[in-house]
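> Provided herewith is a single structure, encoded as C-alpha cells, for subsequent inquiry.
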Amino acid sequence: MEEKLSNSRSSHLLQKIRCFTRSIVEDLSHGRSPMIYINRFRNYCTDVSGNCYCSHDSVKGVEILTLQRHARRLDILLRVLLIVQQLLQENRHGSKRDIYYMNPSVFREQSVVDRAINDICVLLQCSRHNLNVVSVSKGLVMGWLRFSEGDRIFNCINHPDAAHAIPVLVEEVKDIVSVADYILVVEKESVFQRLANDCFCKNNHCIVITGRGYPDIPTRRFLRLLIEQLHLPAFCLVDCDPYGFDILTTYRFGSMQMAYDAKLMKLPEINWLGVFPSDAAKFNVPQQCLLPMTTEDKIKTEAILNRCYLQREAPQWRLELQLLLQSGVKFEIEALSVHSLSLLSKQYLPSKIQVDNTFLGDKSTILFNFDKYLSQILSFKTKGDRFLLLQLHHRQDFPKSTEN
C-alpha cells in the first residue's frame with residue numbers, strides 16, 4: 001500500500017515536471033521570454049506585537065525569474081530539475097551533495113544547488129524528500145524504543161543507553177514500540193554521550209535524541225513521527241546562548257529557509273527544559289564558567305527577540321531571552337557539571353522534569369488504555385514481537401505503540 005502511494009506521488013510529480021518544462025519550451029518556441037513565478041513563504045517577521053499572519057500557511061510574496069535577469073539561476077534550476085526527474089523515474093535517492101558533484105564546474109558552490117532544490121519544492125508544491133533528495137542524517141537516538149526501517153530493525157530497548165543513527169528515509173520507519181514516558185532532545189553530542197555514560201535512559205525510561213547542533217531534516221522528521229505516533233511530551237535542552245536558543249526555535253517553529261514546508265517541519269509540542277539564565281545562580285555555576293556575550297551574540301539575540309512568533313506563541317521564552325541579554329553572560333550545558341559530572345543526569349534533569357506533573361503520564365491514563373494495550377499485543381505479527389511487548393510490560397506499566 002505504501003509503495004503504491006509512493007509510486008503515485010512520484011508519477012504526479014513527474015507529470016508536474018513535464019508540464020513545467022513544456023511551458024518553458026512553448027515560450028521559447030514562440031519567441032517569448034519564460035517567466036517563472038516562485039511563491040515566497042516566511043515563518044516569522046519582525047512585528048513584535050505578534051498581530052501578524054506569519055503563522056498562516058499562506059504565500060507572503062512572489063519572486064519572478066526571467067531569462068534576461070536570472071539566466072544562470074534558471075540554468076541551474078533546470079539542471080537540478082533534470083537530476084530530480086531522473087531520481088524519480090529510477091526510484092533512486094540522492095543527497096544534495098550528490099547532485100552538486102554531478103556538475104561541480106557549473107554549480108561552483110553547494111548553496112546554489114540548495115536554493116534550486118528549495119525553488120523546485122515550491123514550484124512542485126512538495127517536500128524535499130518527495131523529490132527523492134535526502135540529507136545525510138547526523139542525528140542520534142537512544143532509549144526505550146524499537147522500530148524498523150525497511151528490512152532493518154532498530155532495537156534500542158536491549159541497550160537503552162547505546163546510540164543509534166537516525167534513519168535517513170524516515171517515511172520507511174514503522175512498527176514503533178516504546179515504553180518511554182517522554183522524549184528529551186539535547187543540542188550537542190557531548191551532552192548526549194554524558195547522558196549515555198550516566199545510563200540516563202535506563203534509569204529514567206525516556207528517549208533521548210540529538211541533532212548534533214542545528215538539526216537536519218531526518219532528525220526533525222523522525223522526532224515529529226515519534227511525537228505524533230507515541231503521543232509523548234517532548235523537551236529540549238540547549239546551551240544558554242543565542243545559538244542554543246536558535247536551535248530550540250528551529251525545532252519548534254521551523255527554519256526560515258524551509259518556511260514553505262513549516263507545516264510539516266515545525267514541532268509546536270516541544271517544551272524548553274533549559275538551560276535558563278537563572279540556572280547559573282540556582283545551580284551555583286562559578287564565575288569562570290560564565291562567558292561574556294560578544295557583540296555578535298548580542299546582535300543575534302536582539303534579532304531573535306524581534307521574531308513575531310515568540311510574542312504570539314511563547315512569550316515566556318521571550319522573557320528568558322531578554323534576561324540573557326540583560327545579564328550579558330552565556331554558558332554551556334556542560335557548565336552544570338563543574339561540581340559533579342553526574343549533576344546533569346542525577347540532579348538537574350530530574351528536578352526540571354518533576355516540576356510539572358503534566359510532564360509524565362498518570363496511572364489512571366495508563367489503566368484507561370489497558371484495552372488498547374491488549375489489542376496492540378494481538379496486532380503484532382509474530383509471537384516474538386508479542387513476547388517482547390509482554391517483557392516490556394513487566395519492566396514498566398504499559399508501553400506506547402503505534403497502531404497498524
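In the C-alpha cells, chains take the letters A, B, ... in the order shown, each chain's residues start at 1, and ligands count up from 1 in the order shown.
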Please identify the helix (DSSP H, G or I) residues within region 74-195 of chain A (assignment by DSSP from backbone atoms) and present them as a ChimeraX atom specification.

/A:74-90,96-101,104-107,110-124,128-131,156-158,170-172,189-195

> Can I get the selection written as a PDB file, in the first residue's frame, with C-alpha atoms?


ATOM      1  CA  LEU A  74      17.362  29.360 -14.358  1.00  0.00           C
ATOM      2  CA  ASP A  75      20.114  27.251 -15.904  1.00  0.00           C
ATOM      3  CA  ILE A  76      20.952  25.737 -12.501  1.00  0.00           C
ATOM      4  CA  LEU A  77      17.290  25.214 -11.630  1.00  0.00           C
ATOM      5  CA  LEU A  78      16.675  23.292 -14.871  1.00  0.00           C
ATOM      6  CA  ARG A  79      19.829  21.204 -14.446  1.00  0.00           C
ATOM      7  CA  VAL A  80      18.829  20.232 -10.915  1.00  0.00           C
ATOM      8  CA  LEU A  81      15.267  19.571 -12.066  1.00  0.00           C
ATOM      9  CA  LEU A  82      16.620  17.170 -14.697  1.00  0.00           C
ATOM     10  CA  ILE A  83      18.502  15.239 -11.988  1.00  0.00           C
ATOM     11  CA  VAL A  84      15.385  15.155  -9.782  1.00  0.00           C
ATOM     12  CA  GLN A  85      13.374  13.816 -12.713  1.00  0.00           C
ATOM     13  CA  GLN A  86      15.923  11.041 -13.175  1.00  0.00           C
ATOM     14  CA  LEU A  87      15.822  10.127  -9.476  1.00  0.00           C
ATOM     15  CA  LEU A  88      12.032   9.885  -9.558  1.00  0.00           C
ATOM     16  CA  GLN A  89      11.964   7.885 -12.780  1.00  0.00           C
ATOM     17  CA  GLU A  90      14.534   5.374 -11.491  1.00  0.00           C
ATOM     18  CA  LYS A  96      22.231  17.445  -2.159  1.00  0.00           C
ATOM     19  CA  ARG A  97      25.961  16.782  -2.207  1.00  0.00           C
ATOM     20  CA  ASP A  98      25.496  14.019  -4.798  1.00  0.00           C
ATOM     21  CA  ILE A  99      23.646  16.498  -7.022  1.00  0.00           C
ATOM     22  CA  TYR A 100      26.394  19.099  -6.622  1.00  0.00           C
ATOM     23  CA  TYR A 101      29.092  16.639  -7.746  1.00  0.00           C
ATOM     24  CA  PRO A 104      30.562  20.935  -9.945  1.00  0.00           C
ATOM     25  CA  SER A 105      32.099  23.107 -12.676  1.00  0.00           C
ATOM     26  CA  VAL A 106      28.671  24.604 -13.429  1.00  0.00           C
ATOM     27  CA  PHE A 107      27.268  24.763  -9.905  1.00  0.00           C
ATOM     28  CA  GLN A 110      26.689  23.953  -2.829  1.00  0.00           C
ATOM     29  CA  SER A 111      24.455  26.890  -1.855  1.00  0.00           C
ATOM     30  CA  VAL A 112      23.160  27.373  -5.424  1.00  0.00           C
ATOM     31  CA  VAL A 113      22.091  23.717  -5.552  1.00  0.00           C
ATOM     32  CA  ASP A 114      20.364  24.107  -2.171  1.00  0.00           C
ATOM     33  CA  ARG A 115      18.454  27.148  -3.407  1.00  0.00           C
ATOM     34  CA  ALA A 116      17.446  25.370  -6.623  1.00  0.00           C
ATOM     35  CA  ILE A 117      16.078  22.415  -4.635  1.00  0.00           C
ATOM     36  CA  ASN A 118      14.041  24.763  -2.431  1.00  0.00           C
ATOM     37  CA  ASP A 119      12.718  26.548  -5.532  1.00  0.00           C
ATOM     38  CA  ILE A 120      11.710  23.208  -7.070  1.00  0.00           C
ATOM     39  CA  CYS A 121       9.881  22.204  -3.882  1.00  0.00           C
ATOM     40  CA  VAL A 122       7.893  25.449  -4.034  1.00  0.00           C
ATOM     41  CA  LEU A 123       7.176  25.098  -7.758  1.00  0.00           C
ATOM     42  CA  LEU A 124       6.008  21.495  -7.399  1.00  0.00           C
ATOM     43  CA  ARG A 128      12.223  17.725  -0.328  1.00  0.00           C
ATOM     44  CA  HIS A 129      12.012  14.014   0.473  1.00  0.00           C
ATOM     45  CA  ASN A 130       9.204  13.705  -2.113  1.00  0.00           C
ATOM     46  CA  LEU A 131      11.833  14.579  -4.739  1.00  0.00           C
ATOM     47  CA  CYS A 156      17.292   0.347  21.254  1.00  0.00           C
ATOM     48  CA  ILE A 157      15.442  -1.301  24.170  1.00  0.00           C
ATOM     49  CA  ASN A 158      18.028  -4.080  24.575  1.00  0.00           C
ATOM     50  CA  VAL A 170      12.000   8.430   7.756  1.00  0.00           C
ATOM     51  CA  GLU A 171       8.989   7.602   5.573  1.00  0.00           C
ATOM     52  CA  GLU A 172      10.055   3.939   5.787  1.00  0.00           C
ATOM     53  CA  GLU A 189      26.551  15.127  21.034  1.00  0.00           C
ATOM     54  CA  SER A 190      28.812  15.735  24.051  1.00  0.00           C
ATOM     55  CA  VAL A 191      25.739  16.082  26.298  1.00  0.00           C
ATOM     56  CA  PHE A 192      24.146  13.047  24.613  1.00  0.00           C
ATOM     57  CA  GLN A 193      27.255  10.993  25.434  1.00  0.00           C
ATOM     58  CA  ARG A 194      27.314  12.312  29.010  1.00  0.00           C
ATOM     59  CA  LEU A 195      23.758  11.031  29.498  1.00  0.00           C
TER      60      LEU A 195
END

> Find the spatial neighbours of Arg32 (chain A), counting only C-alpha atoms, within a cut-off of 12 Å - ignore same-chain residues fewer than 6 positions away - and output them as a ChimeraX atom specification.

/A:23-26,66-68

> May I have the residues from that selection written out with all heavy atoms, as a short mmCIF file (atom, residue, chain, number, x, y, z; two decimals), in the first residue's frame?


data_model
loop_
_atom_site.label_atom_id
_atom_site.label_comp_id
_atom_site.auth_asym_id
_atom_site.auth_seq_id
_atom_site.Cartn_x
_atom_site.Cartn_y
_atom_site.Cartn_z
N SER A 23 5.95 24.19 -20.75
CA SER A 23 5.57 25.60 -20.82
C SER A 23 6.78 26.48 -21.16
O SER A 23 6.64 27.47 -21.90
CB SER A 23 4.96 26.06 -19.49
OG SER A 23 5.92 26.04 -18.46
N ILE A 24 7.96 26.11 -20.66
CA ILE A 24 9.18 26.87 -20.99
C ILE A 24 9.52 26.71 -22.47
O ILE A 24 9.85 27.69 -23.17
CB ILE A 24 10.35 26.40 -20.10
CG1 ILE A 24 10.10 26.81 -18.64
CG2 ILE A 24 11.67 27.00 -20.59
CD1 ILE A 24 11.17 26.34 -17.69
N VAL A 25 9.44 25.47 -22.98
CA VAL A 25 9.74 25.21 -24.40
C VAL A 25 8.77 25.96 -25.31
O VAL A 25 9.17 26.56 -26.32
CB VAL A 25 9.69 23.69 -24.68
CG1 VAL A 25 9.78 23.43 -26.19
CG2 VAL A 25 10.82 22.97 -23.97
N GLU A 26 7.50 25.99 -24.93
CA GLU A 26 6.49 26.69 -25.73
C GLU A 26 6.77 28.20 -25.76
O GLU A 26 6.65 28.83 -26.81
CB GLU A 26 5.10 26.43 -25.16
CG GLU A 26 4.58 25.02 -25.45
CD GLU A 26 3.23 24.77 -24.82
OE1 GLU A 26 2.73 25.68 -24.11
OE2 GLU A 26 2.67 23.68 -25.04
N THR A 66 13.29 35.68 -14.69
CA THR A 66 13.27 35.87 -16.16
C THR A 66 14.62 35.51 -16.74
O THR A 66 15.65 35.54 -16.05
CB THR A 66 12.93 37.32 -16.52
OG1 THR A 66 13.97 38.19 -16.02
CG2 THR A 66 11.60 37.74 -15.93
N LEU A 67 14.60 35.20 -18.05
CA LEU A 67 15.84 34.81 -18.73
C LEU A 67 16.83 35.97 -18.78
O LEU A 67 18.04 35.77 -18.69
CB LEU A 67 15.50 34.33 -20.14
CG LEU A 67 16.53 33.46 -20.86
CD1 LEU A 67 16.85 32.21 -20.04
CD2 LEU A 67 16.01 33.06 -22.22
N GLN A 68 16.33 37.20 -18.92
CA GLN A 68 17.20 38.37 -19.04
C GLN A 68 17.94 38.65 -17.72
O GLN A 68 19.13 38.99 -17.73
CB GLN A 68 16.40 39.61 -19.44
CG GLN A 68 15.84 39.60 -20.85
CD GLN A 68 14.58 38.76 -20.97
OE1 GLN A 68 14.06 38.26 -19.98
NE2 GLN A 68 14.09 38.60 -22.20
#

> Using only C-alpha atoms for the distances, tell me which of A:Arg252, A:Asn132, A:Leu323, A:Thr295 is nearest to Leu14 (chain A).

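So, comparing all the options, the nearest one is A:Asn132.
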
> In Å to one decimal, how far is CA of Asp239 (chain A) from CA of Asp181 (chain A)?

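Atom-to-atom, CA of Asp181 (chain A) and CA of Asp239 (chain A) are spaced 23.7 Å apart.
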
> Quick one: everything within 9 Å of Lys202 (chain A), counting only C-alpha atoms, minus sequence neighbours fewer than 2 positions away in the same chain. Send it as a ChimeraX atom specification.

/A:143-144,157,159-161,196,199-200,204-206

> Taking only C-alpha atoms into account, which of A:His70, A:His93, A:His231, A:Lys298 comes nearest Tyr182 (chain A)?

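Among the listed residues, A:His231 lies closest to Tyr182 (chain A).
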
> Expressed in Å to a single decimal, how great is the separation between CA of Gln287 (chain A) and CA of Trp317 (chain A)?

24.2 Å

> Excluding same-chain residues fewer than 5 positions from region 277-281 of chain A, what lies within 10 Å of it counting only C-alpha atoms, as a ChimeraX atom specification?

/A:239-241,286-287,289-290,320-327,329-331,335-336,348

> Give me a file of those residues, with C-alpha atoms, as an mmCIF file, in the first residue's frame.


data_model
loop_
_atom_site.group_PDB
_atom_site.id
_atom_site.type_symbol
_atom_site.label_atom_id
_atom_site.label_comp_id
_atom_site.auth_asym_id
_atom_site.auth_seq_id
_atom_site.Cartn_x
_atom_site.Cartn_y
_atom_site.Cartn_z
ATOM 1 C CA ASP A 239 23.080 25.958 25.754
ATOM 2 C CA CYS A 240 22.223 29.235 27.435
ATOM 3 C CA ASP A 241 23.312 31.377 24.497
ATOM 4 C CA PRO A 286 31.103 29.510 39.058
ATOM 5 C CA GLN A 287 32.019 32.849 37.547
ATOM 6 C CA CYS A 289 32.195 29.284 33.540
ATOM 7 C CA LEU A 290 30.115 32.360 32.643
ATOM 8 C CA GLU A 320 14.044 34.408 29.331
ATOM 9 C CA LEU A 321 15.898 35.618 26.229
ATOM 10 C CA GLN A 322 15.587 39.203 27.461
ATOM 11 C CA LEU A 323 17.127 38.103 30.774
ATOM 12 C CA LEU A 324 20.016 36.532 28.854
ATOM 13 C CA LEU A 325 20.641 39.795 27.017
ATOM 14 C CA GLN A 326 20.415 41.849 30.213
ATOM 15 C CA SER A 327 22.830 39.555 32.087
ATOM 16 C CA VAL A 329 26.805 36.413 30.017
ATOM 17 C CA LYS A 330 26.242 32.982 28.495
ATOM 18 C CA PHE A 331 27.145 29.439 29.500
ATOM 19 C CA ALA A 335 28.997 24.161 32.946
ATOM 20 C CA LEU A 336 26.443 22.433 35.185
ATOM 21 C CA TYR A 348 19.359 18.964 37.060
#

> Please give the complete set of residues from region 186-360 of chain A that DSSP, run on the backbone, assigns to strand (DSSP E), formatted as a list in words.

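Selecting the strand (DSSP E) positions of region 186-360 of chain A gives Val186, Cys206, Ile207, Val208, Ile209, Thr210, Ala234, Phe235, Cys236, Leu237, Ile270, Asn271, Trp272, Leu273, Gly274, Leu291, Pro292, Val329 and Lys330 of chain A.
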
> Mind pulling up the distance from CA of Ser345 (chain A) to CA of Ile153 (chain A)?

28.4 Å

> Find, counting only C-alpha atoms, the residue in A:Cys52, A:Ile183, A:Leu264, A:Ile36 that gets nearest to Arg69 (chain A).

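Among A:Cys52, A:Ile183, A:Leu264, A:Ile36, it is A:Ile36 that comes nearest to Arg69 (chain A).
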
> Counting only C-alpha atoms, which of A:Asn39, A:Ser10, A:Ser95, A:Ser351 gets nearest to Leu273 (chain A)?

A:Ser351

> Name the closest residue to Val168 (chain A) among the candidates A:Val62, A:Ile207, A:Cys126, A:Ile217; distances are taken between atoms, counting only C-alpha atoms.

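With only C-alpha atoms as the atom set, the closest residue is A:Ile217.
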
> Can you pull out every residue within 8 Å of Val141 (chain A), counting only C-alpha atoms, but drop anything in the same chain fewer than 3 positions away, and send it as a list in words?

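Near Val141 (chain A), the qualifying residues are Ala163, His164, Ala165, Ile166, Ile207, Val208, Ile209 and Thr210 of chain A.
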